[in-house]
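Chemist: Please see the structure below; I have some questions.
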Amino acid sequence: RPNTSGPAAMLDIRVASTTVSGLELRSFAAMNFPYGVRVTSPNVTLTSMTVDDNMGLITQAGIALDSETTVSYASVTVNAANTYAILSSATAWTRLTNVRMAGGGAGPNPLFYAYNASSATLTYVLSIASGSRDAASFHSASSFTVSRATFSTANGFTALRLSTVTASTFTDIVLFNATGDKGVYFDPYTSGVLIDRGSVTASPTTGFSGADIRGRNIVISNTRFNMSDLGYGIDLSGQDITLSSVTLDAVSGGMIVSASTRLAIANSDLRTGSGHALRLNNTAGHSIIDSTMTTGSVGAAAALYLQNASSNTLERVNLYHTGSAGYGLYFDAASSNTVTDAFVSVNAGIAGVYYGAASSNVVRGLRATNYSGNAVGLDSFSRG
């Protein structure tokens, strides 16, 4: 039987191998607690539990986990500023199954927070941040397995934030940010992460991106990105990133790749209403295979824009400019790129393929069509 005490927590569990089931905890006026449930011993199971801080009186976390804690069929609601719904700090082998988290209140603390934690499993987890905070944040975490999860936020924060995260997988996840900039963010120290069968929705404003990927050894597959507003849909600046069977639908600005090395894109479809569908900027050594890029821009944008980009390989790509006064493929001071078996179609553009101060590029098997303009345009072009 657990020991309980206050005011540290409504329920303070200090005994290992404890099970608590069917408990409902609610805050009430004039009684503040740092925690709804605080677990400080290993191998504890919480099941069929409700923590409802409708009064906003829990100041630290709705539930604070210890190692080997299992939480299942639970609902946690917090409303005070900076209060975590679930906090997993310095833990290992925790498990969350069929858990719902919700909360208002301003951040910066996220609703779900895993810090210095490892070897955890999250399945059928829902985290909805209605206030100004991240829905889920993993920091200095490793070997996490997250599946069938939904993380939702708004107001300029991030649905899923990964900072110094390693060797973790996220499958069948939904990331939603209806009125804010980022659906997902990977910091430069995150590595060895897989996202598979995901859906990312965000509204990036000018100067921001809906998905900001700065890590290394990242694989994103079978994932759809839906971006509204005026920022870039996806911003890649990491290393050794693989995108496979990815679909991007953006309003203004598709994907930008800068300060990145060894990006591989395969079997993907990148579309934007305006701006470049894919922009390689001051970067080199990428591979783009069996993919399609489309822009509907009115103005000097391109389906694929190579800007000071070099040593990139493109094979079997389809490039469409369905707007006007733009380009299908634009080499801007780009060099030593190889394009093989490309189809370029421009509705009423300046040129299907345009070389501007480009050199040493190799193009083989090109089919270029411009329904009102040049199929190929040359400007300061040499040896390619």
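Ordering of the structure tokens sets the chain letters (A, B, ...); residue numbers start at 1 within each chain; ligands are numbered from 1 in the order shown.
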Taking 3 positions as the minimum chain separation for residues in the same chain, which residues sit within 7 Å of segment 323-337 of chain A when counting only C-alpha atoms? Answer as a ChimeraX atom specification.

Modeler: /A:296-313,319-320,344-362

Chemist: Store the residues picked out above, limited to N, CA, C and O atoms, as a compact mmCIF listing (two decimals), in the first residue's frame.

Modeler:
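And here is the file that came out, part10.txt:
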```txt
# COMPACT_ATOMS: atom_id res chain seq x y z
N GLY A 296 3.44 26.63 -58.01
CA GLY A 296 2.43 27.38 -58.75
C GLY A 296 2.69 28.86 -58.68
O GLY A 296 1.78 29.68 -58.85
N SER A 297 3.94 29.24 -58.45
CA SER A 297 4.31 30.62 -58.18
C SER A 297 4.06 31.53 -59.38
O SER A 297 4.21 31.14 -60.53
N VAL A 298 3.69 32.75 -59.08
CA VAL A 298 3.64 33.81 -60.08
C VAL A 298 4.86 34.68 -59.82
O VAL A 298 4.91 35.44 -58.86
N GLY A 299 5.87 34.55 -60.66
CA GLY A 299 7.12 35.27 -60.42
C GLY A 299 8.31 34.36 -60.56
O GLY A 299 8.19 33.18 -60.88
N ALA A 300 9.48 34.90 -60.30
CA ALA A 300 10.74 34.22 -60.60
C ALA A 300 11.09 33.19 -59.54
O ALA A 300 12.07 33.33 -58.79
N ALA A 301 10.30 32.16 -59.45
CA ALA A 301 10.59 31.02 -58.58
C ALA A 301 10.78 29.79 -59.45
O ALA A 301 10.43 29.78 -60.63
N ALA A 302 11.35 28.73 -58.86
CA ALA A 302 11.62 27.51 -59.62
C ALA A 302 11.10 26.30 -58.87
O ALA A 302 11.02 26.29 -57.63
N ALA A 303 10.74 25.27 -59.62
CA ALA A 303 10.41 24.01 -58.98
C ALA A 303 11.63 23.48 -58.22
O ALA A 303 11.52 23.04 -57.07
N LEU A 304 12.81 23.56 -58.84
CA LEU A 304 14.07 23.19 -58.19
C LEU A 304 15.08 24.29 -58.43
O LEU A 304 15.43 24.59 -59.58
N TYR A 305 15.56 24.90 -57.37
CA TYR A 305 16.47 26.05 -57.44
C TYR A 305 17.79 25.66 -56.80
O TYR A 305 17.86 25.39 -55.60
N LEU A 306 18.85 25.60 -57.62
CA LEU A 306 20.19 25.29 -57.13
C LEU A 306 20.96 26.59 -57.00
O LEU A 306 21.39 27.17 -58.01
N GLN A 307 21.17 27.06 -55.79
CA GLN A 307 21.82 28.34 -55.54
C GLN A 307 23.16 28.10 -54.85
O GLN A 307 23.22 27.66 -53.71
N ASN A 308 24.25 28.37 -55.60
CA ASN A 308 25.59 28.09 -55.07
C ASN A 308 25.69 26.65 -54.57
O ASN A 308 26.35 26.36 -53.57
N ALA A 309 25.00 25.77 -55.24
CA ALA A 309 24.98 24.35 -54.86
C ALA A 309 25.87 23.56 -55.80
O ALA A 309 25.94 23.84 -57.00
N SER A 310 26.55 22.55 -55.27
CA SER A 310 27.50 21.81 -56.09
C SER A 310 27.50 20.33 -55.75
O SER A 310 27.10 19.92 -54.66
N SER A 311 27.93 19.55 -56.73
CA SER A 311 28.14 18.10 -56.54
C SER A 311 26.89 17.39 -56.05
O SER A 311 26.94 16.47 -55.22
N ASN A 312 25.75 17.80 -56.58
CA ASN A 312 24.49 17.14 -56.27
C ASN A 312 24.08 16.24 -57.44
O ASN A 312 24.37 16.54 -58.60
N THR A 313 23.38 15.16 -57.13
CA THR A 313 22.95 14.20 -58.14
C THR A 313 21.43 14.14 -58.18
O THR A 313 20.79 13.91 -57.15
N LEU A 319 9.83 18.09 -62.74
CA LEU A 319 9.82 19.45 -62.24
C LEU A 319 8.73 20.24 -62.97
O LEU A 319 8.76 20.35 -64.20
N TYR A 320 7.78 20.80 -62.21
CA TYR A 320 6.65 21.50 -62.81
C TYR A 320 6.56 22.92 -62.24
O TYR A 320 6.58 23.11 -61.01
N VAL A 344 10.94 18.40 -67.36
CA VAL A 344 10.68 19.76 -66.89
C VAL A 344 9.53 20.33 -67.70
O VAL A 344 9.57 20.35 -68.94
N SER A 345 8.50 20.80 -67.00
CA SER A 345 7.35 21.40 -67.66
C SER A 345 7.03 22.74 -67.02
O SER A 345 6.84 22.83 -65.80
N VAL A 346 6.98 23.79 -67.88
CA VAL A 346 6.69 25.14 -67.42
C VAL A 346 5.47 25.65 -68.18
O VAL A 346 5.42 25.57 -69.41
N ASN A 347 4.52 26.20 -67.44
CA ASN A 347 3.27 26.65 -68.07
C ASN A 347 3.47 27.91 -68.91
O ASN A 347 3.14 27.94 -70.08
N ALA A 348 3.99 28.95 -68.29
CA ALA A 348 4.23 30.21 -69.00
C ALA A 348 5.43 30.89 -68.36
O ALA A 348 5.35 32.02 -67.88
N GLY A 349 6.54 30.19 -68.33
CA GLY A 349 7.69 30.65 -67.59
C GLY A 349 8.73 31.33 -68.45
O GLY A 349 8.62 31.41 -69.68
N ILE A 350 9.78 31.81 -67.81
CA ILE A 350 10.90 32.42 -68.52
C ILE A 350 11.69 31.34 -69.24
O ILE A 350 12.06 31.50 -70.40
N ALA A 351 11.93 30.22 -68.54
CA ALA A 351 12.64 29.11 -69.16
C ALA A 351 12.35 27.83 -68.39
O ALA A 351 12.17 27.86 -67.17
N GLY A 352 12.29 26.72 -69.12
CA GLY A 352 12.15 25.44 -68.44
C GLY A 352 13.37 25.14 -67.60
O GLY A 352 13.28 24.80 -66.43
N VAL A 353 14.56 25.27 -68.23
CA VAL A 353 15.84 25.09 -67.54
C VAL A 353 16.65 26.35 -67.78
O VAL A 353 16.79 26.82 -68.91
N TYR A 354 17.21 26.91 -66.69
CA TYR A 354 17.95 28.17 -66.83
C TYR A 354 19.30 28.04 -66.14
O TYR A 354 19.40 27.57 -65.00
N TYR A 355 20.34 28.46 -66.87
CA TYR A 355 21.70 28.46 -66.34
C TYR A 355 22.14 29.90 -66.11
O TYR A 355 22.27 30.67 -67.06
N GLY A 356 22.38 30.27 -64.87
CA GLY A 356 22.86 31.60 -64.55
C GLY A 356 24.20 31.51 -63.84
O GLY A 356 24.27 31.06 -62.70
N ALA A 357 25.28 31.91 -64.53
CA ALA A 357 26.64 31.83 -63.96
C ALA A 357 26.94 30.42 -63.46
O ALA A 357 27.55 30.23 -62.41
N ALA A 358 26.49 29.43 -64.20
CA ALA A 358 26.68 28.04 -63.82
C ALA A 358 27.82 27.42 -64.61
O ALA A 358 28.10 27.81 -65.74
N SER A 359 28.48 26.43 -64.01
CA SER A 359 29.61 25.82 -64.70
C SER A 359 29.73 24.35 -64.33
O SER A 359 29.36 23.93 -63.23
N SER A 360 30.25 23.57 -65.29
CA SER A 360 30.60 22.17 -65.07
C SER A 360 29.43 21.31 -64.60
O SER A 360 29.60 20.35 -63.86
N ASN A 361 28.23 21.66 -65.01
CA ASN A 361 27.07 20.83 -64.72
C ASN A 361 26.82 19.87 -65.88
O ASN A 361 27.06 20.20 -67.03
N VAL A 362 26.35 18.68 -65.58
CA VAL A 362 26.09 17.67 -66.60
C VAL A 362 24.60 17.35 -66.59
O VAL A 362 24.04 16.99 -65.54
```

Chemist: If you measure from atom CA of Gly210 of chain A to atom CA of Leu270 of chain A, what distance in Å do you get, rounded to one decimal?

Modeler: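 Between atom CA of Gly210 of chain A and atom CA of Leu270 of chain A the gap works out to 13.9 Å.
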
Chemist: Compile the contact shell of segment 228-233 of chain A as a list in words: residues with an atom at most 6 Å away, counting only C-alpha atoms, same-chain residues fewer than 6 positions apart removed.

Modeler: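 Final neighbour list, sorted by chain and number: Ser203, Pro204, Thr205, Thr206, Gly207, Phe208, Ser209, Gly210, Ala250, Val251, Ser252, Gly253, Gly254 and Met255 of chain A.
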
Chemist: How about saving the chosen residues, all heavy atoms kept, as a CSV table (one decimal), in the first residue's frame?

Modeler:
```csv
chain,number,residue,atom,x,y,z
A,203,SER,N,1.5,26.2,-39.4
A,203,SER,CA,1.3,27.5,-40.1
A,203,SER,C,2.5,28.4,-39.9
A,203,SER,O,2.5,29.4,-39.1
A,203,SER,CB,0.0,28.1,-39.5
A,203,SER,OG,-1.1,27.3,-39.6
A,204,PRO,N,3.6,28.1,-40.6
A,204,PRO,CA,4.8,28.9,-40.4
A,204,PRO,C,4.7,30.3,-41.0
A,204,PRO,O,4.2,30.5,-42.1
A,204,PRO,CB,5.9,28.1,-41.2
A,204,PRO,CG,5.1,27.3,-42.2
A,204,PRO,CD,3.8,27.0,-41.6
A,205,THR,N,5.0,31.3,-40.2
A,205,THR,CA,5.0,32.7,-40.7
A,205,THR,C,6.3,33.0,-41.4
A,205,THR,O,7.3,32.2,-41.3
A,205,THR,CB,4.8,33.6,-39.5
A,205,THR,OG1,5.8,33.4,-38.5
A,205,THR,CG2,3.4,33.4,-38.9
A,206,THR,N,6.4,34.1,-42.0
A,206,THR,CA,7.6,34.6,-42.7
A,206,THR,C,8.8,34.5,-41.9
A,206,THR,O,8.9,35.0,-40.7
A,206,THR,CB,7.4,36.0,-43.3
A,206,THR,OG1,6.3,36.0,-44.1
A,206,THR,CG2,8.6,36.4,-44.1
A,207,GLY,N,9.9,33.8,-42.4
A,207,GLY,CA,11.1,33.7,-41.6
A,207,GLY,C,11.2,32.4,-40.8
A,207,GLY,O,12.2,32.2,-40.1
A,208,PHE,N,10.1,31.7,-40.7
A,208,PHE,CA,10.1,30.4,-39.9
A,208,PHE,C,9.7,29.3,-40.8
A,208,PHE,O,9.5,29.4,-42.0
A,208,PHE,CB,9.1,30.6,-38.8
A,208,PHE,CG,9.5,31.6,-37.7
A,208,PHE,CD1,9.1,32.9,-37.9
A,208,PHE,CD2,10.3,31.2,-36.7
A,208,PHE,CE1,9.4,33.8,-36.9
A,208,PHE,CE2,10.6,32.1,-35.7
A,208,PHE,CZ,10.2,33.5,-35.8
A,209,SER,N,9.8,28.1,-40.3
A,209,SER,CA,9.4,26.9,-41.0
A,209,SER,C,8.5,25.9,-40.2
A,209,SER,O,8.6,25.9,-39.0
A,209,SER,CB,10.7,26.1,-41.5
A,209,SER,OG,11.5,25.8,-40.3
A,210,GLY,N,7.7,25.2,-40.9
A,210,GLY,CA,6.8,24.3,-40.2
A,210,GLY,C,7.6,23.1,-39.6
A,210,GLY,O,7.2,22.5,-38.6
A,250,ALA,N,2.6,23.0,-49.4
A,250,ALA,CA,2.9,24.2,-48.7
A,250,ALA,C,2.2,25.4,-49.5
A,250,ALA,O,2.0,25.3,-50.7
A,250,ALA,CB,4.4,24.5,-48.7
A,251,VAL,N,1.9,26.4,-48.7
A,251,VAL,CA,1.3,27.6,-49.4
A,251,VAL,C,2.4,28.5,-50.0
A,251,VAL,O,2.2,28.9,-51.1
A,251,VAL,CB,0.5,28.4,-48.3
A,251,VAL,CG1,0.0,29.7,-48.8
A,251,VAL,CG2,-0.7,27.6,-47.9
A,252,SER,N,3.4,28.8,-49.3
A,252,SER,CA,4.4,29.7,-49.8
A,252,SER,C,5.8,29.3,-49.3
A,252,SER,O,6.2,29.5,-48.2
A,252,SER,CB,4.2,31.1,-49.2
A,252,SER,OG,5.1,32.0,-49.7
A,253,GLY,N,6.6,28.6,-50.2
A,253,GLY,CA,7.9,28.2,-49.9
A,253,GLY,C,7.9,26.7,-49.5
A,253,GLY,O,7.3,26.4,-48.5
A,254,GLY,N,8.4,25.8,-50.3
A,254,GLY,CA,8.4,24.4,-50.1
A,254,GLY,C,9.5,24.0,-49.1
A,254,GLY,O,9.3,24.1,-47.9
A,255,MET,N,10.6,23.5,-49.6
A,255,MET,CA,11.7,23.0,-48.7
A,255,MET,C,13.0,23.7,-49.1
A,255,MET,O,13.3,23.9,-50.2
A,255,MET,CB,11.9,21.5,-49.0
A,255,MET,CG,13.0,20.9,-48.1
A,255,MET,SD,13.4,19.2,-48.6
A,255,MET,CE,11.9,18.4,-48.3
```

Chemist: Distance atom CA of Gly183 of chain A-atom CA of Asn54 of chain A, one decimal place?

Modeler: 27.2 Å

Chemist: Calculate how many Å separate atom CA of Asn109 of chain A from atom CA of Phe186 of chain A, rounding to one decimal.

Modeler: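 Going from atom CA of Asn109 of chain A over to atom CA of Phe186 of chain A, I get 17.2 Å.
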
Chemist: Using only C-alpha atoms, which of A:Arg26, A:Asn82, A:Asn155, A:Leu111 sits nearest Ser137 of chain A?

Modeler: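 Nearest candidate to Ser137 of chain A out of A:Arg26, A:Asn82, A:Asn155, A:Leu111: A:Leu111.
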
Chemist: Skipping near chain neighbours, those fewer than 6 positions away, what residues fall within 7 Å of Tyr84 of chain A using only C-alpha atoms, listed as number ranges by chain?

Modeler: A: 60-62, 109-113

Chemist: What does the file look like for those residues with N, CA, C and O atoms, as a tab-separated table (two decimals), in the first residue's frame?

Modeler:
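Printed below is again-v7.tsv as written:
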```tsv
chain	number	residue	atom	x	y	z
A	60	GLN	N	3.95	21.95	-10.28
A	60	GLN	CA	5.10	21.31	-10.91
A	60	GLN	C	4.67	20.32	-12.00
A	60	GLN	O	5.03	20.49	-13.16
A	61	ALA	N	3.94	19.29	-11.64
A	61	ALA	CA	3.53	18.29	-12.62
A	61	ALA	C	2.29	17.55	-12.16
A	61	ALA	O	2.12	17.30	-10.96
A	62	GLY	N	1.45	17.21	-13.14
A	62	GLY	CA	0.30	16.39	-12.81
A	62	GLY	C	0.74	15.02	-12.32
A	62	GLY	O	0.27	14.53	-11.29
A	109	ASN	N	7.52	25.71	-20.13
A	109	ASN	CA	7.56	24.28	-19.91
A	109	ASN	C	6.54	23.56	-20.79
A	109	ASN	O	5.39	23.99	-20.89
A	110	PRO	N	6.92	22.44	-21.41
A	110	PRO	CA	6.00	21.71	-22.28
A	110	PRO	C	4.98	20.93	-21.47
A	110	PRO	O	5.11	20.76	-20.25
A	111	LEU	N	3.98	20.42	-22.16
A	111	LEU	CA	2.96	19.64	-21.48
A	111	LEU	C	3.52	18.27	-21.08
A	111	LEU	O	3.37	17.83	-19.94
A	112	PHE	N	4.17	17.58	-22.01
A	112	PHE	CA	4.89	16.34	-21.69
A	112	PHE	C	6.38	16.62	-21.82
A	112	PHE	O	6.83	17.16	-22.82
A	113	TYR	N	7.16	16.21	-20.80
A	113	TYR	CA	8.60	16.49	-20.81
A	113	TYR	C	9.37	15.27	-20.36
A	113	TYR	O	9.16	14.75	-19.27
```

Chemist: Quick one: pick out all strand (DSSP E) residues within segment 81-322 of chain A from a backbone DSSP run and write them as a ChimeraX atom specification.

Modeler: /A:84-89,95-103,112-115,121-129,136-139,145-153,158-163,166-177,182-186,191-196,199-202,209-213,216-227,232-236,239-252,255-258,261-266,269-274,278-281,287-289,292-295,302-307,313-315,318-322

Chemist: Looking at only C-alpha atoms, which of A:Ile288, A:Ala136, A:Leu194, A:Ile173 is the one that sits closest to Asp269 of chain A?

Modeler: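 Looking only at the distances to Asp269 of chain A, the closest residue turns out to be A:Ile288.
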
Chemist: Compare A:Ala8, A:Gln239, A:Ser142, A:Arg224 by their minimum atom-to-atom distance to Tyr35 of chain A, counting only C-alpha atoms, and give me the closest one.

Modeler: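 Using only C-alpha atoms, the shortest distance to Tyr35 of chain A belongs to A:Ala8.
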
Chemist: Which is closer to Leu248 of chain A than all the others in A:Asn217, A:Thr201, A:Thr69, A:Thr261, using only C-alpha atoms?

Modeler: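 Going through A:Asn217, A:Thr201, A:Thr69, A:Thr261 one by one, the smallest distance to Leu248 of chain A is for A:Thr201.
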
Chemist: For Thr40 of chain A, find every residue with an atom within 12 Å (counting only C-alpha atoms), except residues of its own chain fewer than 2 positions away, and show them as a VMD selection string.

Modeler: chain A and resid 2 to 4 8 to 9 11 to 18 35 37 to 38 42 to 44 63 to 69 88 to 91

Chemist: Keeping N, CA, C and O atoms, export the residues of the selection given above as a CSV table (one decimal), in the first residue's frame.

Modeler:
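See out_35.csv below for the written result:
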```csv
chain,number,residue,atom,x,y,z
A,2,PRO,N,0.6,2.3,-0.8
A,2,PRO,CA,1.5,3.4,-0.9
A,2,PRO,C,1.4,4.3,0.3
A,2,PRO,O,0.3,4.4,1.0
A,3,ASN,N,2.5,5.0,0.6
A,3,ASN,CA,2.5,6.0,1.6
A,3,ASN,C,2.0,7.3,1.0
A,3,ASN,O,2.3,7.6,-0.2
A,4,THR,N,1.3,8.1,1.6
A,4,THR,CA,0.8,9.4,1.1
A,4,THR,C,1.2,10.5,2.1
A,4,THR,O,1.2,10.3,3.3
A,8,ALA,N,3.5,17.9,-0.6
A,8,ALA,CA,4.3,17.6,-1.8
A,8,ALA,C,3.5,17.1,-2.9
A,8,ALA,O,3.7,17.5,-4.1
A,9,ALA,N,2.4,16.3,-2.7
A,9,ALA,CA,1.6,15.8,-3.7
A,9,ALA,C,0.3,15.4,-3.2
A,9,ALA,O,0.1,15.1,-2.0
A,11,LEU,N,-0.9,12.6,-4.2
A,11,LEU,CA,-0.6,11.2,-3.9
A,11,LEU,C,0.9,11.1,-4.1
A,11,LEU,O,1.4,11.3,-5.2
A,12,ASP,N,1.6,10.7,-3.0
A,12,ASP,CA,3.1,10.6,-3.0
A,12,ASP,C,3.4,9.2,-2.8
A,12,ASP,O,3.3,8.6,-1.7
A,13,ILE,N,3.9,8.5,-3.9
A,13,ILE,CA,4.2,7.1,-3.8
A,13,ILE,C,5.7,6.8,-3.6
A,13,ILE,O,6.5,7.2,-4.4
A,14,ARG,N,6.0,6.2,-2.5
A,14,ARG,CA,7.4,6.0,-2.1
A,14,ARG,C,7.8,4.6,-1.9
A,14,ARG,O,8.9,4.2,-1.6
A,15,VAL,N,6.9,3.7,-2.2
A,15,VAL,CA,7.1,2.2,-2.0
A,15,VAL,C,7.2,1.6,-3.4
A,15,VAL,O,6.3,1.8,-4.3
A,16,ALA,N,8.2,0.8,-3.6
A,16,ALA,CA,8.4,0.1,-4.9
A,16,ALA,C,7.3,-1.0,-5.1
A,16,ALA,O,6.7,-1.4,-4.2
A,17,SER,N,7.2,-1.3,-6.4
A,17,SER,CA,6.2,-2.4,-6.8
A,17,SER,C,4.8,-2.1,-6.3
A,17,SER,O,4.2,-3.0,-5.7
A,18,THR,N,4.4,-0.9,-6.5
A,18,THR,CA,3.0,-0.5,-6.0
A,18,THR,C,2.1,-0.4,-7.2
A,18,THR,O,2.5,0.1,-8.3
A,35,TYR,N,2.7,18.6,-6.9
A,35,TYR,CA,2.4,17.4,-7.8
A,35,TYR,C,1.0,16.9,-7.6
A,35,TYR,O,0.6,16.9,-6.4
A,37,VAL,N,0.4,13.5,-8.7
A,37,VAL,CA,1.0,12.2,-8.3
A,37,VAL,C,2.5,12.3,-8.4
A,37,VAL,O,3.0,12.7,-9.5
A,38,ARG,N,3.2,12.0,-7.3
A,38,ARG,CA,4.7,11.9,-7.4
A,38,ARG,C,5.1,10.5,-7.1
A,38,ARG,O,4.8,10.0,-6.0
A,42,PRO,N,10.8,2.8,-7.8
A,42,PRO,CA,10.6,2.1,-9.1
A,42,PRO,C,9.5,1.1,-9.1
A,42,PRO,O,9.0,0.7,-8.1
A,43,ASN,N,9.2,0.7,-10.4
A,43,ASN,CA,8.2,-0.4,-10.6
A,43,ASN,C,6.9,-0.1,-10.0
A,43,ASN,O,6.3,-0.9,-9.3
A,44,VAL,N,6.3,1.1,-10.4
A,44,VAL,CA,5.0,1.5,-9.9
A,44,VAL,C,4.1,1.5,-11.1
A,44,VAL,O,4.4,1.9,-12.2
A,63,ILE,N,1.7,14.4,-13.1
A,63,ILE,CA,2.3,13.1,-12.6
A,63,ILE,C,3.8,13.2,-12.9
A,63,ILE,O,4.2,13.6,-14.0
A,64,ALA,N,4.6,12.9,-11.9
A,64,ALA,CA,6.0,12.9,-12.0
A,64,ALA,C,6.4,11.4,-11.9
A,64,ALA,O,6.1,10.7,-10.9
A,65,LEU,N,7.1,10.9,-12.9
A,65,LEU,CA,7.5,9.5,-12.9
A,65,LEU,C,8.8,9.2,-12.3
A,65,LEU,O,9.7,10.0,-12.3
A,66,ASP,N,9.0,7.9,-11.8
A,66,ASP,CA,10.3,7.3,-11.5
A,66,ASP,C,10.6,6.2,-12.5
A,66,ASP,O,9.7,5.9,-13.4
A,67,SER,N,11.7,5.6,-12.5
A,67,SER,CA,12.1,4.5,-13.4
A,67,SER,C,11.1,3.4,-13.2
A,67,SER,O,10.6,3.1,-12.2
A,68,GLU,N,10.8,2.7,-14.4
A,68,GLU,CA,10.0,1.6,-14.4
A,68,GLU,C,8.5,1.9,-14.0
A,68,GLU,O,7.8,1.0,-13.6
A,69,THR,N,8.1,3.1,-14.2
A,69,THR,CA,6.7,3.5,-13.9
A,69,THR,C,5.9,3.2,-15.2
A,69,THR,O,6.3,3.5,-16.3
A,88,SER,N,9.0,13.2,-16.9
A,88,SER,CA,9.8,12.0,-16.8
A,88,SER,C,11.2,12.4,-16.8
A,88,SER,O,11.8,12.7,-17.8
A,89,SER,N,11.8,12.6,-15.6
A,89,SER,CA,13.2,13.2,-15.4
A,89,SER,C,14.1,12.1,-14.8
A,89,SER,O,13.7,11.6,-13.7
A,90,ALA,N,15.2,11.9,-15.4
A,90,ALA,CA,16.2,10.9,-14.9
A,90,ALA,C,15.6,9.6,-14.7
A,90,ALA,O,15.7,8.9,-13.6
A,91,THR,N,14.8,9.1,-15.7
A,91,THR,CA,14.1,7.8,-15.6
A,91,THR,C,14.6,6.9,-16.7
A,91,THR,O,15.2,7.3,-17.7
```

Chemist: Excluding Thr47 of chain A and residues on its chain fewer than 5 positions from it, collect all residues at most 6 Å away from it, counting only C-alpha atoms, and give them as a list of chain:residue names.

Modeler: A:Ser21, A:Val71, A:Ser72, A:Tyr73

Chemist: With N, CA and C atoms retained, export the selected residues as a compact mmCIF listing (two decimals), in the first residue's frame.

Modeler:
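Contents of part_11.txt, as written:
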```txt
# COMPACT_ATOMS: atom_id res chain seq x y z
N SER A 21 -5.02 1.89 -8.82
CA SER A 21 -5.99 1.75 -9.89
C SER A 21 -7.30 2.44 -9.53
N VAL A 71 2.09 3.89 -16.77
CA VAL A 71 0.84 4.65 -16.67
C VAL A 71 -0.05 4.21 -17.83
N SER A 72 -1.25 3.75 -17.52
CA SER A 72 -2.16 3.29 -18.57
C SER A 72 -3.58 3.76 -18.29
N TYR A 73 -4.31 4.04 -19.36
CA TYR A 73 -5.70 4.47 -19.27
C TYR A 73 -5.83 5.60 -18.25
```

Chemist: Out of A:Met101, A:Val317, A:Ala106, A:Ile86, which residue has the shortest atom-to-atom distance to Val125 of chain A when counting only C-alpha atoms?

Modeler: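 For Val125 of chain A, the nearest of the candidates is A:Met101.
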